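Enquirer: Input structure: entry.cif, which contains mmCIF, C-alpha atoms.
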```
data_coords
loop_
_atom_site.group_PDB
_atom_site.id
_atom_site.type_symbol
_atom_site.label_atom_id
_atom_site.label_comp_id
_atom_site.auth_asym_id
_atom_site.auth_seq_id
_atom_site.Cartn_x
_atom_site.Cartn_y
_atom_site.Cartn_z
ATOM 1 C CA MET A 201 -55.723 -31.187 113.711
ATOM 2 C CA ALA A 202 -52.999 -32.007 116.249
ATOM 3 C CA ALA A 203 -53.027 -28.474 117.675
ATOM 4 C CA ARG A 204 -56.842 -28.542 117.884
ATOM 5 C CA LEU A 205 -56.735 -31.869 119.735
ATOM 6 C CA PHE A 206 -54.225 -30.420 122.181
ATOM 7 C CA TYR A 207 -56.404 -27.397 122.996
ATOM 8 C CA LEU A 208 -59.511 -29.561 123.364
ATOM 9 C CA THR A 209 -57.579 -31.773 125.767
ATOM 10 C CA VAL A 210 -56.413 -28.744 127.770
ATOM 11 C CA LEU A 211 -59.982 -27.424 127.921
ATOM 12 C CA ALA A 212 -61.315 -30.778 129.147
ATOM 13 C CA LEU A 213 -58.478 -31.020 131.653
ATOM 14 C CA SER A 214 -59.204 -27.519 132.984
ATOM 15 C CA ALA A 215 -62.871 -28.404 133.474
ATOM 16 C CA LEU A 216 -61.911 -31.649 135.210
ATOM 17 C CA GLY A 217 -59.483 -29.865 137.541
ATOM 18 C CA LEU A 218 -62.116 -27.297 138.454
ATOM 19 C CA MET A 219 -64.559 -30.113 139.167
ATOM 20 C CA CYS A 220 -62.044 -31.755 141.521
ATOM 21 C CA VAL A 221 -61.800 -28.566 143.578
ATOM 22 C CA LEU A 222 -65.542 -27.801 143.533
ATOM 23 C CA PHE A 223 -66.458 -31.376 144.481
ATOM 24 C CA THR A 224 -64.065 -31.210 147.446
ATOM 25 C CA VAL A 225 -65.540 -27.866 148.543
ATOM 26 C CA TYR A 226 -69.076 -29.253 148.248
ATOM 27 C CA TRP A 227 -68.135 -32.374 150.245
ATOM 28 C CA MET A 228 -66.716 -30.330 153.133
ATOM 29 C CA GLN A 229 -69.553 -27.776 153.006
ATOM 30 C CA SER A 230 -72.497 -30.183 152.734
ATOM 31 C CA TRP A 231 -71.422 -33.037 155.008
ATOM 32 C CA HIS A 232 -68.979 -31.361 157.415
ATOM 33 C CA GLY A 233 -70.358 -27.889 158.082
ATOM 34 C CA GLY A 234 -68.142 -25.562 156.042
ATOM 35 C CA PHE A 235 -64.933 -23.683 156.779
ATOM 36 C CA ALA A 236 -63.276 -21.528 159.431
ATOM 37 C CA TRP A 237 -59.772 -20.748 160.715
ATOM 38 C CA ASP A 238 -60.281 -21.132 164.456
ATOM 39 C CA GLY A 239 -58.729 -24.505 165.232
ATOM 40 C CA THR A 240 -62.046 -26.371 165.113
ATOM 41 C CA ILE A 241 -63.085 -29.129 162.722
ATOM 42 C CA PHE A 242 -64.037 -26.364 160.285
ATOM 43 C CA THR A 243 -60.357 -25.462 160.094
ATOM 44 C CA PHE A 244 -59.568 -29.053 159.195
ATOM 45 C CA ASN A 245 -62.131 -28.821 156.389
ATOM 46 C CA CYS A 246 -59.844 -26.314 154.662
ATOM 47 C CA HIS A 247 -57.119 -28.964 154.461
ATOM 48 C CA PRO A 248 -58.503 -31.214 151.681
ATOM 49 C CA VAL A 249 -59.633 -28.237 149.585
ATOM 50 C CA LEU A 250 -56.250 -26.495 149.771
ATOM 51 C CA MET A 251 -54.314 -29.694 149.077
ATOM 52 C CA VAL A 252 -56.410 -30.655 146.049
ATOM 53 C CA ALA A 253 -56.262 -27.100 144.695
ATOM 54 C CA GLY A 254 -52.538 -26.679 145.362
ATOM 55 C CA MET A 255 -50.769 -30.030 145.174
ATOM 56 C CA VAL A 256 -52.907 -31.485 142.386
ATOM 57 C CA VAL A 257 -54.680 -28.910 140.210
ATOM 58 C CA LEU A 258 -52.421 -25.833 140.318
ATOM 59 C CA TYR A 259 -49.295 -28.012 140.433
ATOM 60 C CA SER A 260 -50.490 -29.739 137.254
ATOM 61 C CA ALA A 261 -51.209 -26.417 135.546
ATOM 62 C CA ALA A 262 -47.667 -25.275 136.317
ATOM 63 C CA SER A 263 -46.228 -28.538 135.002
ATOM 64 C CA LEU A 264 -48.093 -28.170 131.706
ATOM 65 C CA VAL A 265 -46.851 -24.643 130.903
ATOM 66 C CA TYR A 266 -44.186 -25.953 128.505
ATOM 67 C CA ARG A 267 -46.788 -28.035 126.655
ATOM 68 C CA LEU A 268 -48.532 -24.906 125.344
ATOM 69 C CA PRO A 269 -47.494 -24.402 121.696
ATOM 70 C CA GLN A 270 -47.066 -20.671 122.394
ATOM 71 C CA SER A 271 -44.115 -21.571 124.610
ATOM 72 C CA TRP A 272 -42.320 -23.388 121.791
ATOM 73 C CA VAL A 273 -41.255 -20.270 119.911
ATOM 74 C CA GLY A 274 -39.521 -17.094 121.019
ATOM 75 C CA PRO A 275 -37.720 -16.463 124.324
ATOM 76 C CA LYS A 276 -38.025 -19.158 126.946
ATOM 77 C CA LEU A 277 -37.506 -16.932 130.005
ATOM 78 C CA PRO A 278 -41.143 -15.687 130.306
ATOM 79 C CA TRP A 279 -42.355 -19.282 130.328
ATOM 80 C CA LYS A 280 -39.791 -20.213 132.954
ATOM 81 C CA ILE A 281 -41.090 -17.390 135.130
ATOM 82 C CA ALA A 282 -44.696 -18.521 134.584
ATOM 83 C CA HIS A 283 -43.721 -22.129 135.392
ATOM 84 C CA ALA A 284 -41.948 -21.118 138.615
ATOM 85 C CA SER A 285 -44.661 -18.639 139.659
ATOM 86 C CA LEU A 286 -47.509 -21.121 139.273
ATOM 87 C CA HIS A 287 -45.547 -23.719 141.211
ATOM 88 C CA LEU A 288 -44.892 -21.152 143.957
ATOM 89 C CA MET A 289 -48.624 -20.400 144.162
ATOM 90 C CA ALA A 290 -49.318 -24.143 144.375
ATOM 91 C CA PHE A 291 -46.729 -24.475 147.154
ATOM 92 C CA ILE A 292 -48.278 -21.599 149.139
ATOM 93 C CA LEU A 293 -51.716 -23.257 148.983
ATOM 94 C CA THR A 294 -50.100 -26.535 150.027
ATOM 95 C CA VAL A 295 -48.402 -24.955 153.043
ATOM 96 C CA LEU A 296 -51.712 -23.368 154.072
ATOM 97 C CA GLY A 297 -53.296 -26.809 153.798
ATOM 98 C CA LEU A 298 -50.652 -28.226 156.143
ATOM 99 C CA VAL A 299 -51.109 -25.341 158.571
ATOM 100 C CA ALA A 300 -54.848 -26.066 158.666
ATOM 101 C CA VAL A 301 -54.443 -29.705 159.642
ATOM 102 C CA PHE A 302 -51.657 -29.041 162.177
ATOM 103 C CA LYS A 303 -53.685 -26.200 163.718
ATOM 104 C CA TYR A 304 -56.667 -28.500 164.167
ATOM 105 C CA HIS A 305 -54.604 -31.415 165.491
ATOM 106 C CA ASN A 306 -52.723 -29.241 167.972
ATOM 107 C CA ALA A 307 -55.947 -27.634 169.242
ATOM 108 C CA ARG A 308 -57.524 -31.063 169.787
ATOM 109 C CA LYS A 309 -54.322 -32.704 171.111
ATOM 110 C CA ILE A 310 -54.301 -35.172 168.178
ATOM 111 C CA THR A 311 -51.002 -36.786 167.221
ATOM 112 C CA ASN A 312 -49.475 -35.476 163.993
ATOM 113 C CA LEU A 313 -47.924 -37.497 161.183
ATOM 114 C CA TYR A 314 -48.818 -40.995 162.316
ATOM 115 C CA SER A 315 -50.765 -42.351 159.313
ATOM 116 C CA LEU A 316 -49.633 -43.532 155.895
ATOM 117 C CA HIS A 317 -51.649 -40.677 154.390
ATOM 118 C CA SER A 318 -49.658 -38.108 156.357
ATOM 119 C CA TRP A 319 -46.338 -39.772 155.479
ATOM 120 C CA LEU A 320 -47.171 -39.719 151.778
ATOM 121 C CA GLY A 321 -48.333 -36.129 151.985
ATOM 122 C CA ILE A 322 -45.356 -34.750 153.913
ATOM 123 C CA THR A 323 -42.970 -36.618 151.583
ATOM 124 C CA ALA A 324 -44.659 -35.030 148.551
ATOM 125 C CA VAL A 325 -44.456 -31.561 150.130
ATOM 126 C CA PHE A 326 -40.778 -31.993 151.081
ATOM 127 C CA LEU A 327 -39.879 -33.135 147.560
ATOM 128 C CA PHE A 328 -41.958 -30.279 146.135
ATOM 129 C CA ALA A 329 -39.944 -27.746 148.156
ATOM 130 C CA CYS A 330 -36.630 -29.285 147.056
ATOM 131 C CA GLN A 331 -37.835 -29.416 143.448
ATOM 132 C CA TRP A 332 -38.855 -25.761 143.424
ATOM 133 C CA PHE A 333 -35.601 -24.493 144.917
ATOM 134 C CA LEU A 334 -33.548 -26.675 142.556
ATOM 135 C CA GLY A 335 -35.524 -25.425 139.556
ATOM 136 C CA PHE A 336 -35.217 -21.805 140.650
ATOM 137 C CA ALA A 337 -31.477 -22.026 141.297
ATOM 138 C CA VAL A 338 -30.494 -24.035 138.223
ATOM 139 C CA PHE A 339 -33.060 -23.354 135.500
ATOM 140 C CA LEU A 340 -34.303 -19.828 136.250
ATOM 141 C CA LEU A 341 -31.198 -18.029 137.503
ATOM 142 C CA PRO A 342 -28.659 -17.405 134.719
ATOM 143 C CA TRP A 343 -25.509 -18.726 136.437
ATOM 144 C CA ALA A 344 -25.871 -22.443 135.603
ATOM 145 C CA SER A 345 -24.067 -23.805 132.563
ATOM 146 C CA LEU A 346 -25.853 -25.638 129.748
ATOM 147 C CA TRP A 347 -23.980 -28.785 130.798
ATOM 148 C CA LEU A 348 -25.381 -28.605 134.352
ATOM 149 C CA ARG A 349 -28.898 -27.908 133.111
ATOM 150 C CA SER A 350 -28.710 -30.825 130.691
ATOM 151 C CA LEU A 351 -27.483 -33.068 133.508
ATOM 152 C CA LEU A 352 -30.244 -32.103 135.947
ATOM 153 C CA LYS A 353 -33.157 -31.754 133.527
ATOM 154 C CA PRO A 354 -34.058 -35.497 133.482
ATOM 155 C CA VAL A 355 -33.948 -35.510 137.298
ATOM 156 C CA HIS A 356 -36.163 -32.428 137.420
ATOM 157 C CA VAL A 357 -38.669 -33.961 134.998
ATOM 158 C CA PHE A 358 -38.708 -37.312 136.824
ATOM 159 C CA PHE A 359 -39.352 -35.804 140.229
ATOM 160 C CA GLY A 360 -41.970 -33.453 138.780
ATOM 161 C CA ALA A 361 -44.102 -36.400 137.686
ATOM 162 C CA SER A 362 -43.248 -38.378 140.846
ATOM 163 C CA ILE A 363 -44.414 -35.562 143.134
ATOM 164 C CA LEU A 364 -47.741 -35.371 141.297
ATOM 165 C CA SER A 365 -48.136 -39.145 141.638
ATOM 166 C CA LEU A 366 -47.395 -38.936 145.376
ATOM 167 C CA ALA A 367 -49.875 -36.081 145.720
ATOM 168 C CA ILE A 368 -52.612 -38.130 144.039
ATOM 169 C CA ALA A 369 -51.857 -41.118 146.273
ATOM 170 C CA SER A 370 -51.992 -38.835 149.303
ATOM 171 C CA VAL A 371 -55.357 -37.378 148.245
ATOM 172 C CA ILE A 372 -56.869 -40.822 147.697
ATOM 173 C CA SER A 373 -55.613 -42.162 151.030
ATOM 174 C CA GLY A 374 -56.810 -38.962 152.721
ATOM 175 C CA ILE A 375 -60.326 -39.317 151.320
ATOM 176 C CA ASN A 376 -60.434 -42.918 152.474
ATOM 177 C CA GLU A 377 -59.133 -42.007 155.928
ATOM 178 C CA LYS A 378 -61.655 -39.183 156.321
ATOM 179 C CA LEU A 379 -64.530 -41.480 155.374
ATOM 180 C CA PHE A 380 -63.418 -44.154 157.851
ATOM 181 C CA PHE A 381 -63.371 -41.539 160.627
ATOM 182 C CA SER A 382 -66.675 -39.934 159.611
ATOM 183 C CA LEU A 383 -68.725 -43.037 158.803
ATOM 184 C CA LYS A 384 -67.974 -45.294 161.747
ATOM 185 C CA ASN A 385 -71.376 -45.221 163.449
ATOM 186 C CA ALA A 386 -73.767 -48.145 163.293
ATOM 187 C CA THR A 387 -76.529 -46.334 161.394
ATOM 188 C CA LYS A 388 -74.413 -45.182 158.419
ATOM 189 C CA PRO A 389 -71.290 -47.321 158.171
ATOM 190 C CA TYR A 390 -68.915 -46.827 155.251
ATOM 191 C CA SER A 391 -69.702 -50.327 154.004
ATOM 192 C CA SER A 392 -73.350 -49.380 153.412
ATOM 193 C CA LEU A 393 -72.235 -46.670 150.930
ATOM 194 C CA PRO A 394 -74.250 -43.700 152.210
ATOM 195 C CA GLY A 395 -74.473 -40.567 150.091
ATOM 196 C CA GLU A 396 -71.262 -39.048 151.485
ATOM 197 C CA ALA A 397 -69.270 -42.177 150.686
ATOM 198 C CA VAL A 398 -70.520 -42.289 147.099
ATOM 199 C CA PHE A 399 -69.788 -38.599 146.579
ATOM 200 C CA ALA A 400 -66.330 -38.696 148.182
ATOM 201 C CA ASN A 401 -65.368 -41.858 146.302
ATOM 202 C CA SER A 402 -66.468 -40.189 143.073
ATOM 203 C CA THR A 403 -64.346 -37.151 143.932
ATOM 204 C CA GLY A 404 -61.369 -39.447 144.410
ATOM 205 C CA LEU A 405 -61.972 -41.027 141.010
ATOM 206 C CA LEU A 406 -62.084 -37.557 139.424
ATOM 207 C CA VAL A 407 -58.708 -36.741 140.998
ATOM 208 C CA VAL A 408 -57.215 -39.997 139.681
ATOM 209 C CA ILE A 409 -58.561 -39.412 136.144
ATOM 210 C CA PHE A 410 -57.287 -35.829 136.211
ATOM 211 C CA GLY A 411 -53.839 -36.929 137.378
ATOM 212 C CA LEU A 412 -53.548 -39.699 134.799
ATOM 213 C CA LEU A 413 -54.438 -37.303 131.971
ATOM 214 C CA VAL A 414 -51.834 -34.811 133.193
ATOM 215 C CA LEU A 415 -49.173 -37.512 133.391
ATOM 216 C CA TYR A 416 -50.075 -38.675 129.877
ATOM 217 C CA ILE A 417 -49.702 -35.172 128.451
ATOM 218 C CA LEU A 418 -46.399 -34.737 130.269
ATOM 219 C CA GLN A 419 -44.928 -37.865 128.682
ATOM 220 C CA ALA A 420 -46.455 -37.519 125.177
ATOM 221 C CA SER A 421 -43.510 -36.678 122.924
ATOM 222 C CA SER A 422 -45.643 -34.908 120.311
ATOM 223 C CA TRP A 423 -46.739 -32.315 122.913
ATOM 224 C CA LYS A 424 -43.314 -31.558 124.356
ATOM 225 C CA ARG A 425 -41.410 -28.349 123.675
ATOM 226 C CA PRO A 426 -38.744 -29.224 121.063
ATOM 227 C CA GLU A 427 -35.200 -29.480 122.382
ATOM 228 C CA VAL A 428 -32.777 -26.684 121.566
ATOM 229 C CA GLY A 429 -32.445 -26.764 117.798
ATOM 230 C CA VAL A 430 -33.844 -30.298 117.575
ATOM 231 C CA THR A 431 -37.311 -31.527 116.654
ATOM 232 C CA THR A 432 -37.802 -35.259 116.920
ATOM 233 C CA GLU A 433 -40.042 -37.312 114.645
ATOM 234 C CA GLY A 434 -43.692 -36.725 115.482
ATOM 235 C CA GLN A 435 -43.312 -33.303 117.094
ATOM 236 C CA LEU A 436 -45.203 -30.310 115.767
ATOM 237 C CA TRP A 437 -43.227 -27.934 113.554
ATOM 238 C CA LEU A 438 -44.530 -24.425 114.238
ATOM 239 C CA GLN A 439 -44.012 -20.888 113.027
ATOM 240 C CA LEU A 440 -45.447 -17.597 114.252
ATOM 241 C CA GLY A 441 -48.689 -16.633 112.584
ATOM 242 C CA PRO A 442 -50.817 -13.449 112.829
ATOM 243 C CA GLY A 443 -50.929 -12.071 116.333
ATOM 244 C CA CYS A 444 -47.805 -14.066 117.310
ATOM 245 C CA TRP A 445 -49.795 -17.288 117.647
ATOM 246 C CA PRO A 446 -47.976 -20.497 116.621
ATOM 247 C CA VAL A 447 -49.314 -22.038 113.438
ATOM 248 C CA LEU A 448 -48.887 -25.726 112.606
ATOM 249 C CA VAL A 449 -46.810 -26.141 109.441
ATOM 250 C CA ALA A 450 -45.880 -29.831 109.323
ATOM 251 C CA TYR A 451 -44.413 -32.781 111.154
ATOM 252 C CA MET A 452 -40.710 -32.867 110.349
ATOM 253 C CA PRO A 453 -37.396 -33.770 112.028
ATOM 254 C CA VAL A 454 -34.660 -31.144 112.321
ATOM 255 C CA THR A 455 -31.113 -31.863 113.445
ATOM 256 C CA VAL A 456 -29.507 -28.405 113.627
ATOM 257 C CA ARG A 457 -28.102 -27.687 117.086
ATOM 258 C CA GLN A 458 -27.401 -24.384 118.790
ATOM 259 C CA PRO A 459 -24.491 -23.859 121.211
ATOM 260 C CA ARG A 460 -26.548 -22.477 124.117
ATOM 261 C CA GLU A 461 -30.124 -22.644 125.347
ATOM 262 C CA PRO A 462 -32.075 -19.451 124.534
ATOM 263 C CA GLN A 463 -33.377 -17.594 127.586
#
```
Give the structure from this file in structure tokens form.

Expert:
Amino acid sequence: MAARLFYLTVLALSALGLMCVLFTVYWMQSWHGGFAWDGTIFTFNCHPVLMVAGMVVLYSAASLVYRLPQSWVGPKLPWKIAHASLHLMAFILTVLGLVAVFKYHNARKITNLYSLHSWLGITAVFLFACQWFLGFAVFLLPWASLWLRSLLKPVHVFFGASILSLAIASVISGINEKLFFSLKNATKPYSSLPGEAVFANSTGLLVVIFGLLVLYILQASSWKRPEVGVTTEGQLWLQLGPGCWPVLVAYMPVTVRQPREPQ
């Protein structure tokens, strides 16, 4: 039952993440003319799509790799590689999103990095870069000792959730900022809630709901990969079934420790 609930939650979360991206694409396509890479406003339209897809949706998918029950048994190294690779893909999309907005601003002689939205966003991207390089150097490469990994793991986990929270705040402030710029004429002010405002506000709510569900799964102890040789009360106790799929056996605590983390 617990495993089934987890997979249903992942399925719902995947659908919600896809909706966040598709809603953002539809917003930029229907109300702002579509996409291009020529320094015009159509280049700017790539920015929200790339940031939602990279910093929110793909970043969340990478963060949830260790919540898959398949990752709880067997070697950990393939899951580390998947975790790092998905985060790298998310970072590439994020950088492209930044390039899009800087390209547009520079072509139109618009000042960069003056708003709270831009400060939140660039802070999230900077922390994301630091987080990825720290994770690659300490947790993926084999040189780091178990003591160092144990010391830095809580920091890594904390900043992982913090970066996602900053990204969500940046998306929400960006949607609000875009609407204030777009709906400032007398015929369709933002305060009158025209169709674009309703749709964009709804997109923002979808992003918030998606982010909150991801953060909940990340902190739920019953869906965390068991520590090395230790399963706390309430975690799933699994064994490999047919086809190497984990099968739920029982909830049970185990207190046997191993000297080193398996790779």

Enquirer: Under the rule that only C-alpha atoms are counted, which of A:Leu316, A:Leu258, A:Leu340, A:Ala324 is the nearest residue to Val221 (chain A)?

Expert: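 Looking only at the distances to Val221 (chain A), the closest residue turns out to be A:Leu258.
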
Enquirer: Let me make sure I understand: among A:Ala337, A:Leu415, A:Leu379, A:Ile322, which one has the smallest atom-to-atom distance to Val301 (chain A) if we use only C-alpha atoms?

Expert: A:Ile322

Enquirer: Can you list, as a ChimeraX atom specification, every protein, DNA or RNA residue that comes within 9 Å of region 281-291 of chain A when you count only C-alpha atoms, leaving out same-chain residues fewer than 3 positions away?

Expert: /A:251,253-266,276-278,294-296,325,328-329,332,335-336,340

Enquirer: Give me, please, the distance in Å between CA of Leu418 (chain A) and CA of Ala212 (chain A), quoted to one decimal.

Expert: 15.5 Å

Enquirer: Just say which residues the PyMOL selection byres ((chain A and resi 307) around 12) picks in this file, as a ChimeraX atom specification.

Expert: /A:237-241,243-244,299-306,308-312

Enquirer: Given the choices A:Leu293, A:Leu341, A:Ile372, A:Ala420, which gets closest to Thr403 (chain A) if the distance is worked out from only C-alpha atoms?

Expert: A:Ile372

Enquirer: Please identify all polymer residues lying at most 12 Å from the point (-62.0, -40.0, 142.6) (file coordinates), using only C-alpha atoms, and present the result as a short mmCIF file (atom, residue, chain, number, x, y, z; two decimals) with C-alpha atoms, keeping the file's coordinate frame.

Expert:
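Result file is point34.cif:
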```
data_model
loop_
_atom_site.label_atom_id
_atom_site.label_comp_id
_atom_site.auth_asym_id
_atom_site.auth_seq_id
_atom_site.Cartn_x
_atom_site.Cartn_y
_atom_site.Cartn_z
CA LEU A 216 -61.91 -31.65 135.21
CA GLY A 217 -59.48 -29.86 137.54
CA MET A 219 -64.56 -30.11 139.17
CA CYS A 220 -62.04 -31.76 141.52
CA VAL A 221 -61.80 -28.57 143.58
CA PHE A 223 -66.46 -31.38 144.48
CA THR A 224 -64.06 -31.21 147.45
CA VAL A 252 -56.41 -30.66 146.05
CA ILE A 368 -52.61 -38.13 144.04
CA ALA A 369 -51.86 -41.12 146.27
CA VAL A 371 -55.36 -37.38 148.24
CA ILE A 372 -56.87 -40.82 147.70
CA SER A 373 -55.61 -42.16 151.03
CA GLY A 374 -56.81 -38.96 152.72
CA ILE A 375 -60.33 -39.32 151.32
CA ASN A 376 -60.43 -42.92 152.47
CA ALA A 397 -69.27 -42.18 150.69
CA VAL A 398 -70.52 -42.29 147.10
CA PHE A 399 -69.79 -38.60 146.58
CA ALA A 400 -66.33 -38.70 148.18
CA ASN A 401 -65.37 -41.86 146.30
CA SER A 402 -66.47 -40.19 143.07
CA THR A 403 -64.35 -37.15 143.93
CA GLY A 404 -61.37 -39.45 144.41
CA LEU A 405 -61.97 -41.03 141.01
CA LEU A 406 -62.08 -37.56 139.42
CA VAL A 407 -58.71 -36.74 141.00
CA VAL A 408 -57.22 -40.00 139.68
CA ILE A 409 -58.56 -39.41 136.14
CA PHE A 410 -57.29 -35.83 136.21
CA GLY A 411 -53.84 -36.93 137.38
CA LEU A 412 -53.55 -39.70 134.80
#
```

Enquirer: Please define a box with edges along x, y and z of the file around all atoms of region 321-330 of chain A given in the file, extend it by 5 Å on each side, and return its centre and edge lengths in Å to one decimal, as AutoDock Vina command-line options.

Expert:
```
--center_x -42.5 --center_y -32.2 --center_z 150.0 --size_x 21.7 --size_y 18.9 --size_z 17.8
```

Enquirer: One number please: CA of Thr323 (chain A) to CA of Val249 (chain A), in Å, one decimal.

Expert: 18.8 Å

Enquirer: In Å, rounded to a single decimal, give me how far CA of Leu334 (chain A) is from CA of Ser350 (chain A).

Expert: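 Atom-to-atom, CA of Ser350 (chain A) to CA of Leu334 (chain A), that is 13.5 Å.
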